[in-house]
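One file, model15.cif, carrying mmCIF, N, CA and C atoms:
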```cif
data_query
#
loop_
_atom_site.label_atom_id
_atom_site.label_comp_id
_atom_site.auth_asym_id
_atom_site.auth_seq_id
_atom_site.Cartn_x
_atom_site.Cartn_y
_atom_site.Cartn_z
N MET A 1 201.20 17.85 203.50
CA MET A 1 200.61 17.58 204.79
C MET A 1 201.68 17.27 205.83
N LEU A 2 202.75 16.63 205.39
CA LEU A 2 203.83 16.34 206.34
C LEU A 2 204.49 17.63 206.82
N THR A 3 204.65 18.59 205.92
CA THR A 3 205.24 19.87 206.31
C THR A 3 204.37 20.57 207.35
N ALA A 4 203.07 20.48 207.19
CA ALA A 4 202.15 21.09 208.16
C ALA A 4 202.29 20.42 209.52
N LYS A 5 202.42 19.10 209.54
CA LYS A 5 202.59 18.37 210.80
C LYS A 5 203.92 18.74 211.46
N VAL A 6 204.97 18.82 210.66
CA VAL A 6 206.29 19.20 211.19
C VAL A 6 206.22 20.60 211.80
N ASN A 7 205.59 21.54 211.10
CA ASN A 7 205.46 22.90 211.61
C ASN A 7 204.64 22.95 212.89
N ALA A 8 203.59 22.13 212.98
CA ALA A 8 202.78 22.09 214.20
C ALA A 8 203.61 21.56 215.36
N LEU A 9 204.41 20.54 215.12
CA LEU A 9 205.28 20.00 216.18
C LEU A 9 206.35 21.00 216.59
N LYS A 10 206.92 21.71 215.63
CA LYS A 10 207.91 22.74 215.95
C LYS A 10 207.29 23.83 216.82
N SER A 11 206.06 24.20 216.50
CA SER A 11 205.36 25.21 217.27
C SER A 11 205.14 24.74 218.71
N LYS A 12 204.72 23.49 218.87
CA LYS A 12 204.51 22.95 220.22
C LYS A 12 205.82 22.92 221.00
N LEU A 13 206.88 22.49 220.35
CA LEU A 13 208.19 22.43 221.02
C LEU A 13 208.68 23.81 221.44
N SER A 14 208.41 24.80 220.63
CA SER A 14 208.89 26.15 220.95
C SER A 14 208.16 26.72 222.17
N ARG A 15 206.95 26.22 222.45
CA ARG A 15 206.18 26.70 223.59
C ARG A 15 206.30 25.80 224.81
N ALA A 16 206.98 24.67 224.68
CA ALA A 16 207.10 23.71 225.77
C ALA A 16 207.99 24.26 226.88
N THR A 17 207.67 23.87 228.09
CA THR A 17 208.50 24.23 229.24
C THR A 17 208.80 22.97 230.04
N ILE A 18 209.91 22.98 230.74
CA ILE A 18 210.28 21.87 231.60
C ILE A 18 209.85 22.22 233.01
N VAL A 19 209.14 21.30 233.64
CA VAL A 19 208.65 21.52 235.00
C VAL A 19 209.53 20.72 235.95
N ASP A 20 210.19 21.41 236.87
CA ASP A 20 210.99 20.75 237.89
C ASP A 20 210.06 20.41 239.05
N GLU A 21 209.63 19.15 239.11
CA GLU A 21 208.66 18.72 240.11
C GLU A 21 209.18 18.85 241.53
N THR A 22 210.51 18.88 241.72
CA THR A 22 211.06 19.01 243.07
C THR A 22 210.81 20.41 243.64
N LYS A 23 210.50 21.38 242.78
CA LYS A 23 210.28 22.74 243.25
C LYS A 23 208.80 23.07 243.43
N LEU A 24 207.94 22.10 243.16
CA LEU A 24 206.51 22.32 243.34
C LEU A 24 206.13 22.08 244.79
N PRO A 25 205.14 22.82 245.29
CA PRO A 25 204.72 22.61 246.68
C PRO A 25 204.10 21.22 246.84
N ARG A 26 204.46 20.52 247.89
CA ARG A 26 203.97 19.16 248.12
C ARG A 26 202.68 19.12 248.94
N ASP A 27 202.29 20.26 249.49
CA ASP A 27 201.09 20.27 250.34
C ASP A 27 199.86 20.82 249.61
N GLU A 28 200.00 21.08 248.31
CA GLU A 28 198.85 21.54 247.54
C GLU A 28 198.88 20.90 246.16
N VAL A 29 197.75 20.92 245.49
CA VAL A 29 197.62 20.30 244.18
C VAL A 29 198.36 21.12 243.14
N ALA A 30 199.24 20.46 242.39
CA ALA A 30 200.00 21.10 241.31
C ALA A 30 200.22 20.06 240.22
N PHE A 31 200.87 20.47 239.15
CA PHE A 31 201.18 19.58 238.03
C PHE A 31 201.85 18.31 238.55
N GLY A 32 201.40 17.15 238.07
CA GLY A 32 202.01 15.88 238.46
C GLY A 32 201.41 15.24 239.69
N ALA A 33 200.53 15.94 240.38
CA ALA A 33 199.94 15.41 241.60
C ALA A 33 198.90 14.35 241.29
N THR A 34 198.81 13.38 242.17
CA THR A 34 197.70 12.44 242.17
C THR A 34 196.82 12.84 243.34
N VAL A 35 195.56 13.09 243.04
CA VAL A 35 194.64 13.65 244.04
C VAL A 35 193.49 12.69 244.25
N ARG A 36 193.28 12.29 245.51
CA ARG A 36 192.11 11.48 245.86
C ARG A 36 191.07 12.43 246.41
N VAL A 37 189.88 12.39 245.81
CA VAL A 37 188.81 13.32 246.18
C VAL A 37 187.53 12.57 246.51
N LEU A 38 186.66 13.25 247.21
CA LEU A 38 185.32 12.75 247.48
C LEU A 38 184.34 13.62 246.73
N ASP A 39 183.55 12.99 245.85
CA ASP A 39 182.47 13.72 245.17
C ASP A 39 181.37 13.89 246.20
N VAL A 40 181.19 15.11 246.67
CA VAL A 40 180.29 15.40 247.79
C VAL A 40 178.85 15.01 247.47
N ASP A 41 178.40 15.27 246.24
CA ASP A 41 177.02 14.97 245.87
C ASP A 41 176.75 13.48 245.75
N LEU A 42 177.70 12.73 245.22
CA LEU A 42 177.51 11.29 245.01
C LEU A 42 178.07 10.43 246.13
N ASP A 43 178.81 11.05 247.08
CA ASP A 43 179.49 10.33 248.16
C ASP A 43 180.35 9.20 247.59
N ASP A 44 181.15 9.55 246.57
CA ASP A 44 181.96 8.59 245.85
C ASP A 44 183.39 9.12 245.75
N GLU A 45 184.37 8.26 246.01
CA GLU A 45 185.77 8.66 245.91
C GLU A 45 186.28 8.45 244.48
N GLU A 46 187.11 9.40 244.03
CA GLU A 46 187.74 9.30 242.72
C GLU A 46 189.19 9.73 242.87
N THR A 47 190.01 9.30 241.93
CA THR A 47 191.43 9.67 241.93
C THR A 47 191.78 10.25 240.57
N PHE A 48 192.46 11.39 240.59
CA PHE A 48 192.90 12.07 239.37
C PHE A 48 194.39 12.31 239.45
N THR A 49 195.08 12.15 238.33
CA THR A 49 196.47 12.55 238.21
C THR A 49 196.52 13.67 237.17
N LEU A 50 197.14 14.79 237.53
CA LEU A 50 197.19 15.95 236.64
C LEU A 50 198.44 15.86 235.77
N VAL A 51 198.21 15.78 234.45
CA VAL A 51 199.30 15.57 233.50
C VAL A 51 199.29 16.65 232.42
N GLY A 52 200.32 16.67 231.62
CA GLY A 52 200.43 17.61 230.51
C GLY A 52 199.84 17.03 229.23
N ALA A 53 199.78 17.85 228.21
CA ALA A 53 199.22 17.45 226.92
C ALA A 53 199.97 16.25 226.36
N GLY A 54 199.21 15.31 225.84
CA GLY A 54 199.79 14.11 225.27
C GLY A 54 199.84 12.94 226.24
N ASP A 55 199.73 13.22 227.53
CA ASP A 55 199.76 12.16 228.55
C ASP A 55 198.38 11.86 229.11
N GLU A 56 197.37 12.60 228.65
CA GLU A 56 196.04 12.41 229.21
C GLU A 56 195.46 11.05 228.82
N ASP A 57 194.77 10.43 229.76
CA ASP A 57 194.06 9.16 229.54
C ASP A 57 192.93 9.15 230.56
N TYR A 58 191.79 9.65 230.14
CA TYR A 58 190.67 9.85 231.06
C TYR A 58 190.16 8.54 231.65
N ASP A 59 190.30 7.44 230.92
CA ASP A 59 189.89 6.15 231.45
C ASP A 59 190.78 5.71 232.61
N GLN A 60 192.03 6.17 232.61
CA GLN A 60 192.98 5.84 233.67
C GLN A 60 193.06 6.93 234.75
N GLY A 61 192.21 7.94 234.66
CA GLY A 61 192.20 9.01 235.65
C GLY A 61 193.28 10.05 235.45
N LYS A 62 193.90 10.10 234.27
CA LYS A 62 194.94 11.09 233.98
C LYS A 62 194.30 12.25 233.23
N TYR A 63 194.17 13.37 233.92
CA TYR A 63 193.48 14.54 233.38
C TYR A 63 194.48 15.64 233.07
N LEU A 64 194.21 16.35 231.99
CA LEU A 64 195.05 17.50 231.65
C LEU A 64 194.99 18.53 232.76
N VAL A 65 196.11 19.09 233.09
CA VAL A 65 196.17 20.13 234.11
C VAL A 65 195.37 21.35 233.66
N THR A 66 195.17 21.50 232.35
CA THR A 66 194.42 22.63 231.80
C THR A 66 192.93 22.34 231.64
N SER A 67 192.50 21.12 231.96
CA SER A 67 191.07 20.77 231.86
C SER A 67 190.29 21.47 232.97
N PRO A 68 188.97 21.54 232.86
CA PRO A 68 188.19 22.16 233.94
C PRO A 68 188.44 21.51 235.31
N ILE A 69 188.53 20.19 235.34
CA ILE A 69 188.79 19.51 236.61
C ILE A 69 190.20 19.85 237.11
N GLY A 70 191.18 19.79 236.22
CA GLY A 70 192.55 20.14 236.61
C GLY A 70 192.65 21.55 237.15
N GLN A 71 192.06 22.50 236.45
CA GLN A 71 192.09 23.91 236.89
C GLN A 71 191.36 24.10 238.22
N GLY A 72 190.27 23.37 238.40
CA GLY A 72 189.52 23.49 239.66
C GLY A 72 190.24 22.93 240.86
N LEU A 73 191.12 21.95 240.64
CA LEU A 73 191.86 21.33 241.74
C LEU A 73 193.17 22.04 242.06
N LEU A 74 193.74 22.75 241.09
CA LEU A 74 195.05 23.41 241.30
C LEU A 74 195.02 24.33 242.52
N GLY A 75 196.05 24.20 243.34
CA GLY A 75 196.20 25.09 244.49
C GLY A 75 195.42 24.66 245.73
N LYS A 76 194.60 23.64 245.61
CA LYS A 76 193.81 23.18 246.75
C LYS A 76 194.68 22.32 247.67
N ARG A 77 194.29 22.27 248.95
CA ARG A 77 194.99 21.48 249.96
C ARG A 77 194.04 20.44 250.54
N VAL A 78 194.59 19.48 251.27
CA VAL A 78 193.77 18.46 251.90
C VAL A 78 192.74 19.14 252.80
N GLY A 79 191.48 18.73 252.65
CA GLY A 79 190.39 19.32 253.42
C GLY A 79 189.63 20.41 252.68
N ASP A 80 190.25 20.99 251.65
CA ASP A 80 189.58 22.03 250.87
C ASP A 80 188.48 21.43 250.01
N ARG A 81 187.55 22.27 249.62
CA ARG A 81 186.51 21.88 248.67
C ARG A 81 186.74 22.64 247.37
N ALA A 82 186.53 21.93 246.28
CA ALA A 82 186.67 22.52 244.95
C ALA A 82 185.31 22.44 244.26
N GLU A 83 184.78 23.59 243.88
CA GLU A 83 183.54 23.65 243.11
C GLU A 83 183.94 23.90 241.66
N ILE A 84 183.63 22.93 240.80
CA ILE A 84 184.11 22.96 239.43
C ILE A 84 182.92 22.98 238.47
N ALA A 85 182.91 23.99 237.60
CA ALA A 85 181.87 24.08 236.58
C ALA A 85 182.24 23.14 235.44
N VAL A 86 181.33 22.24 235.13
CA VAL A 86 181.49 21.30 234.02
C VAL A 86 180.26 21.40 233.13
N PRO A 87 180.32 20.86 231.92
CA PRO A 87 179.17 21.00 231.01
C PRO A 87 177.82 20.56 231.61
N LYS A 88 177.82 19.57 232.49
CA LYS A 88 176.56 19.10 233.05
C LYS A 88 176.13 19.89 234.29
N GLY A 89 176.90 20.86 234.70
CA GLY A 89 176.54 21.66 235.88
C GLY A 89 177.75 21.96 236.74
N LYS A 90 177.65 21.60 238.03
CA LYS A 90 178.73 21.88 238.97
C LYS A 90 179.04 20.61 239.76
N ILE A 91 180.32 20.33 239.93
CA ILE A 91 180.78 19.21 240.74
C ILE A 91 181.49 19.79 241.97
N VAL A 92 181.23 19.22 243.13
CA VAL A 92 181.92 19.63 244.35
C VAL A 92 182.75 18.46 244.85
N PHE A 93 184.08 18.68 244.91
CA PHE A 93 185.00 17.68 245.42
C PHE A 93 185.60 18.15 246.73
N GLU A 94 185.77 17.22 247.67
CA GLU A 94 186.56 17.49 248.87
C GLU A 94 187.89 16.76 248.69
N ILE A 95 188.99 17.47 248.92
CA ILE A 95 190.33 16.89 248.73
C ILE A 95 190.64 16.01 249.94
N LEU A 96 190.90 14.73 249.68
CA LEU A 96 191.21 13.77 250.74
C LEU A 96 192.70 13.52 250.87
N GLU A 97 193.41 13.46 249.74
CA GLU A 97 194.83 13.12 249.77
C GLU A 97 195.52 13.65 248.53
N ILE A 98 196.75 14.11 248.70
CA ILE A 98 197.58 14.58 247.59
C ILE A 98 198.90 13.84 247.66
N THR A 99 199.28 13.19 246.55
CA THR A 99 200.57 12.51 246.51
C THR A 99 201.29 12.89 245.22
N TYR A 100 202.62 12.73 245.27
CA TYR A 100 203.46 12.99 244.12
C TYR A 100 204.35 11.79 243.88
N PRO A 101 204.73 11.54 242.62
CA PRO A 101 205.66 10.42 242.37
C PRO A 101 207.00 10.71 243.00
N ASP A 102 207.67 9.65 243.43
CA ASP A 102 208.99 9.83 244.05
C ASP A 102 210.08 9.94 243.04
#
```
Any chance you could put this one into structure tokens?
Amino acid sequence: MLTAKVNALKSKLSRATIVDETKLPRDEVAFGATVRVLDVDLDDEETFTLVGAGDEDYDQGKYLVTSPIGQGLLGKRVGDRAEIAVPKGKIVFEILEITYPD
């Protein structure tokens, strides 16, 4: 079983890429962004940080960039609306603010 775990980790490492956050656009949602949104239907603000595998913590608002919410927010700018299909239906978010760590 240890050999299987080692092989799985080797496979993940071989597919890993390094993301240079300084080269990402700062005016749109991308990997590493913290996004403050308004849930249009509930009139409720939420904050999401888009992270990579292993860093997700949904209770802390850290969502995988590959999750439905992460994919729905990618490329959006302040003022844009994101319609995201989720298991319970559709969520509509309006982008209020995009920030990146310094």
Exercise. DSSP on the backbone: what in stretch 13-94 of chain A comes out strand (DSSP E or B), as a PyMOL selection string?
Worked result: chain A and resi 34-39+44-51+57+62-64+81-86+89-94
Give me every helix (DSSP H, G or I) residue in stretch 47-83 of chain A, going by DSSP on the backbone, as a PDB file with N, CA and C atoms, in the coordinates of the input.
```pdb
ATOM      1  N   TYR A  58     191.790   9.650 230.140  1.00  0.00           N
ATOM      2  CA  TYR A  58     190.670   9.850 231.060  1.00  0.00           C
ATOM      3  C   TYR A  58     190.160   8.540 231.650  1.00  0.00           C
ATOM      4  N   ASP A  59     190.300   7.440 230.920  1.00  0.00           N
ATOM      5  CA  ASP A  59     189.890   6.150 231.450  1.00  0.00           C
ATOM      6  C   ASP A  59     190.780   5.710 232.610  1.00  0.00           C
ATOM      7  N   GLN A  60     192.030   6.170 232.610  1.00  0.00           N
ATOM      8  CA  GLN A  60     192.980   5.840 233.670  1.00  0.00           C
ATOM      9  C   GLN A  60     193.060   6.930 234.750  1.00  0.00           C
ATOM     10  N   PRO A  68     188.970  21.540 232.860  1.00  0.00           N
ATOM     11  CA  PRO A  68     188.190  22.160 233.940  1.00  0.00           C
ATOM     12  C   PRO A  68     188.440  21.510 235.310  1.00  0.00           C
ATOM     13  N   ILE A  69     188.530  20.190 235.340  1.00  0.00           N
ATOM     14  CA  ILE A  69     188.790  19.510 236.610  1.00  0.00           C
ATOM     15  C   ILE A  69     190.200  19.850 237.110  1.00  0.00           C
ATOM     16  N   GLY A  70     191.180  19.790 236.220  1.00  0.00           N
ATOM     17  CA  GLY A  70     192.550  20.140 236.610  1.00  0.00           C
ATOM     18  C   GLY A  70     192.650  21.550 237.150  1.00  0.00           C
ATOM     19  N   GLN A  71     192.060  22.500 236.450  1.00  0.00           N
ATOM     20  CA  GLN A  71     192.090  23.910 236.890  1.00  0.00           C
ATOM     21  C   GLN A  71     191.360  24.100 238.220  1.00  0.00           C
ATOM     22  N   GLY A  72     190.270  23.370 238.400  1.00  0.00           N
ATOM     23  CA  GLY A  72     189.520  23.490 239.660  1.00  0.00           C
ATOM     24  C   GLY A  72     190.240  22.930 240.860  1.00  0.00           C
ATOM     25  N   LEU A  73     191.120  21.950 240.640  1.00  0.00           N
ATOM     26  CA  LEU A  73     191.860  21.330 241.740  1.00  0.00           C
ATOM     27  C   LEU A  73     193.170  22.040 242.060  1.00  0.00           C
TER      28      LEU A  73
END
```
Exercise. Got a sec to resolve the PyMOL selection byres ((chain A and resi 23-30) around 7) on this structure and send the residues as a VMD selection string?
Worked result: chain A and resid 19 to 22 31 to 33 50 73 to 78 98
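Going from atom N of A:Arg81 over to atom CA of A:Phe93, you cover 6.7 Å.
If you measure from each of A:Lys62, A:Ser14, A:Tyr100, A:Ile95 to A:Ala82 using all atoms listed in the file, the closest one turns out to be A:Ile95.
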Exercise. Can you list, as JSON, numbers by chain, the residues that the PyMOL selection byres (((chain A and resi 35 and name CA) around 6) and name CA) selects here?
Worked result: {"A": [34, 36, 47, 48, 97, 98]}
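Counting from atom C of A:Asp59, the distance to atom N of A:Asp43 is 19.5 Å.
With distances restricted to only C-alpha atoms, A:Tyr63 is the closest residue to A:Thr49 from A:Val37, A:Pro101, A:Lys90, A:Tyr63.
Residues matched by the PyMOL selection byres ((chain A and resi 64) around 7) in this file are Thr49, Leu50, Val51, Gly52, Ala53, Asp55, Glu56, Asp57, Lys62, Tyr63, Val65, Thr66, Ser67, Pro68, Ile69, Gly70 and Gln71 of chain A.
If you look at atom N of A:Lys12 and atom C of A:Gly72, they are 26.3 Å away from each other.
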Which centre and edge lengths in Å to one decimal define the box along x, y and z that fits every listed atom of stretch 86-98 of chain A plus 6 Å per side, as AutoDock Vina command-line options?
```
--center_x 187.5 --center_y 17.7 --center_z 240.9 --size_x 34.8 --size_y 21.1 --size_z 31.9
```
